[in-house]
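> Coordinates in work-v3.cif, mmCIF, C-alpha atoms, are listed below.
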data_model
loop_
_atom_site.group_PDB
_atom_site.id
_atom_site.type_symbol
_atom_site.label_atom_id
_atom_site.label_comp_id
_atom_site.auth_asym_id
_atom_site.auth_seq_id
_atom_site.Cartn_x
_atom_site.Cartn_y
_atom_site.Cartn_z
ATOM 1 C CA MET A 62 94.737 98.788 125.061
ATOM 2 C CA LYS A 63 94.948 101.321 122.243
ATOM 3 C CA LYS A 64 97.242 100.598 119.299
ATOM 4 C CA GLU A 65 99.577 103.164 117.794
ATOM 5 C CA LYS A 66 98.623 105.058 114.603
ATOM 6 C CA ASP A 67 101.378 103.475 112.523
ATOM 7 C CA GLU A 68 100.600 99.964 113.700
ATOM 8 C CA LEU A 69 96.987 100.117 112.474
ATOM 9 C CA GLY A 70 97.733 102.160 109.373
ATOM 10 C CA ALA A 71 96.100 105.170 107.816
ATOM 11 C CA TYR A 72 92.770 105.320 106.047
ATOM 12 C CA ARG A 73 93.137 105.632 102.270
ATOM 13 C CA LEU A 74 90.549 107.243 99.994
ATOM 14 C CA VAL A 75 90.615 106.049 96.383
ATOM 15 C CA TYR A 76 88.199 106.006 93.454
ATOM 16 C CA ASP A 77 86.931 102.624 92.268
ATOM 17 C CA LYS A 78 86.503 103.067 88.501
ATOM 18 C CA GLU A 79 84.758 99.721 88.051
ATOM 19 C CA ASN A 80 81.975 100.478 90.558
ATOM 20 C CA LYS A 81 82.125 104.272 90.087
ATOM 21 C CA GLU A 82 82.377 105.103 93.782
ATOM 22 C CA TRP A 83 84.843 106.409 96.350
ATOM 23 C CA VAL A 84 86.278 103.798 98.726
ATOM 24 C CA ILE A 85 87.737 104.307 102.195
ATOM 25 C CA GLN A 86 89.990 101.451 103.234
ATOM 26 C CA ARG A 87 92.456 100.930 106.054
ATOM 27 C CA LYS A 88 95.953 99.659 105.308
ATOM 28 C CA ASN A 89 96.052 95.846 105.098
ATOM 29 C CA ALA A 90 92.241 95.612 105.299
ATOM 30 C CA GLU A 91 90.484 93.112 103.073
ATOM 31 C CA ARG A 92 87.221 95.056 102.875
ATOM 32 C CA ALA A 93 86.367 98.729 102.517
ATOM 33 C CA SER A 94 85.451 100.668 105.662
ATOM 34 C CA LYS A 95 82.971 102.712 103.637
ATOM 35 C CA ARG A 96 81.879 103.334 100.030
ATOM 36 C CA CYS A 97 80.438 106.660 98.849
ATOM 37 C CA LYS A 98 79.002 108.003 95.588
ATOM 38 C CA THR A 99 80.660 111.452 95.849
ATOM 39 C CA LYS A 100 84.103 112.548 96.970
ATOM 40 C CA GLU A 101 82.546 115.202 99.227
ATOM 41 C CA GLU A 102 80.550 112.541 101.077
ATOM 42 C CA ALA A 103 83.638 110.315 101.272
ATOM 43 C CA MET A 104 85.806 113.131 102.673
ATOM 44 C CA LYS A 105 83.290 113.742 105.483
ATOM 45 C CA ALA A 106 83.219 110.025 106.316
ATOM 46 C CA LEU A 107 87.026 109.815 106.122
ATOM 47 C CA LYS A 108 87.405 112.727 108.525
ATOM 48 C CA GLU A 109 85.006 111.137 111.016
ATOM 49 C CA LEU A 110 86.617 107.671 110.805
ATOM 50 C CA SER A 111 90.147 109.013 111.221
ATOM 51 C CA LYS A 112 89.086 111.208 114.145
ATOM 52 C CA ASN A 113 87.311 108.334 115.934
ATOM 53 C CA GLN A 114 90.174 105.886 115.368
ATOM 54 C CA ASP A 115 93.014 108.409 115.827
ATOM 55 C CA ALA A 116 94.406 107.456 112.406
ATOM 56 C CA GLY A 117 96.073 109.299 109.561
ATOM 57 C CA THR A 118 94.545 109.794 106.129
ATOM 58 C CA ILE A 119 95.806 109.487 102.563
ATOM 59 C CA VAL A 120 93.684 110.972 99.775
ATOM 60 C CA HIS A 121 93.984 110.231 96.068
ATOM 61 C CA LYS A 122 92.487 112.048 93.090
ATOM 62 C CA LYS A 123 89.971 110.362 90.800
ATOM 63 C CA ASP A 124 92.788 109.446 88.396
ATOM 64 C CA GLY A 125 94.653 107.640 91.216
ATOM 65 C CA LYS A 126 97.384 110.259 91.729
ATOM 66 C CA PHE A 127 98.304 111.277 95.268
ATOM 67 C CA GLN A 128 96.470 114.383 96.542
ATOM 68 C CA LYS A 129 97.269 114.811 100.253
ATOM 69 C CA LYS A 130 98.333 113.094 103.441
ATOM 70 C CA LYS A 131 97.376 114.030 106.979
#
Could you take the file, read its structure, and then write that structure out as structure tokens?

Amino acid sequence: MKKEKDELGAYRLVYDKENKEWVIQRKNAERASKRCKTKEEAMKALKELSKNQDAGTIVHKKDGKFQKKK
């Protein structure tokens, strides 16, 4: 049985200043789905994860400000 997009939550891409890497994490998840050194690499992974899981995406800039939602 497949869950609805809103029930599982969107993937969020944020920059982890402490570890100096981009983090992809699902809403309400305790751990990151993926960690990447560059935003370009993270965006590719985010696109693939959201496509495979039929989930939305929320992207933030390096300074933490909102960039885009899909």
> For each of A:Tyr76, A:Lys130, A:Arg87, A:Thr118, take the minimum atom-to-atom distance to Lys105 in chain A, counting only C-alpha atoms, then give the residue where this is smallest.
A:Thr118
> Please enumerate the residues selected by the PyMOL selection byres ((chain A and resi 69-73) around 10) when evaluated against the supplied file, formatted as a PyMOL selection string.
chain A and resi 64-68+74-75+84-90+93-94+107-108+110-111+114-121+130-131
> Could you dump the residues just selected with C-alpha atoms as an mmCIF file, keeping the file's coordinate frame?

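Final output, again.cif:
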data_model
loop_
_atom_site.group_PDB
_atom_site.id
_atom_site.type_symbol
_atom_site.label_atom_id
_atom_site.label_comp_id
_atom_site.auth_asym_id
_atom_site.auth_seq_id
_atom_site.Cartn_x
_atom_site.Cartn_y
_atom_site.Cartn_z
ATOM 1 C CA LYS A 64 97.242 100.598 119.299
ATOM 2 C CA GLU A 65 99.577 103.164 117.794
ATOM 3 C CA LYS A 66 98.623 105.058 114.603
ATOM 4 C CA ASP A 67 101.378 103.475 112.523
ATOM 5 C CA GLU A 68 100.600 99.964 113.700
ATOM 6 C CA LEU A 74 90.549 107.243 99.994
ATOM 7 C CA VAL A 75 90.615 106.049 96.383
ATOM 8 C CA VAL A 84 86.278 103.798 98.726
ATOM 9 C CA ILE A 85 87.737 104.307 102.195
ATOM 10 C CA GLN A 86 89.990 101.451 103.234
ATOM 11 C CA ARG A 87 92.456 100.930 106.054
ATOM 12 C CA LYS A 88 95.953 99.659 105.308
ATOM 13 C CA ASN A 89 96.052 95.846 105.098
ATOM 14 C CA ALA A 90 92.241 95.612 105.299
ATOM 15 C CA ALA A 93 86.367 98.729 102.517
ATOM 16 C CA SER A 94 85.451 100.668 105.662
ATOM 17 C CA LEU A 107 87.026 109.815 106.122
ATOM 18 C CA LYS A 108 87.405 112.727 108.525
ATOM 19 C CA LEU A 110 86.617 107.671 110.805
ATOM 20 C CA SER A 111 90.147 109.013 111.221
ATOM 21 C CA GLN A 114 90.174 105.886 115.368
ATOM 22 C CA ASP A 115 93.014 108.409 115.827
ATOM 23 C CA ALA A 116 94.406 107.456 112.406
ATOM 24 C CA GLY A 117 96.073 109.299 109.561
ATOM 25 C CA THR A 118 94.545 109.794 106.129
ATOM 26 C CA ILE A 119 95.806 109.487 102.563
ATOM 27 C CA VAL A 120 93.684 110.972 99.775
ATOM 28 C CA HIS A 121 93.984 110.231 96.068
ATOM 29 C CA LYS A 130 98.333 113.094 103.441
ATOM 30 C CA LYS A 131 97.376 114.030 106.979
#
> Residues picked by the PyMOL selection byres ((chain A and resi 96) around 6) here, as a short mmCIF file (atom, residue, chain, number, x, y, z; two decimals) with C-alpha atoms, in the coordinates of the input?

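The file below, result_37.cif, is the result:
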data_model
loop_
_atom_site.label_atom_id
_atom_site.label_comp_id
_atom_site.auth_asym_id
_atom_site.auth_seq_id
_atom_site.Cartn_x
_atom_site.Cartn_y
_atom_site.Cartn_z
CA TRP A 83 84.84 106.41 96.35
CA VAL A 84 86.28 103.80 98.73
CA LYS A 95 82.97 102.71 103.64
CA CYS A 97 80.44 106.66 98.85
#
> Find, counting only C-alpha atoms, the residue in A:Met104, A:Glu82, A:Lys112, A:Lys98 that gets nearest to Lys129 in chain A.
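Checking each candidate against Lys129 in chain A, we get A:Met104 as the closest.
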> May I ask for the distance between CA of Ala106 in chain A and CA of Phe127 in chain A, given in Å to one decimal place?
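Interatomic distance here is 18.7 Å.
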> With 8 Å on each side, where is the centre of the axis-aligned box around all listed atoms of range 90-104 of chain A, and how long are its edges in Å to one decimal, as JSON?

{"center_x": 85.6, "center_y": 104.2, "center_z": 100.6, "size_x": 29.2, "size_y": 38.1, "size_z": 26.1}
> What does the distance between CA of Glu91 in chain A and CA of Glu79 in chain A come to in Å, to one decimal place?
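Interatomic distance here is 17.4 Å.
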> Let me make sure I understand: among A:Thr99, A:Gln128, A:Lys123, A:Arg92, which one has the smallest atom-to-atom distance to Lys78 in chain A if we use only C-alpha atoms?
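Checking each candidate against Lys78 in chain A, we get A:Lys123 as the closest.
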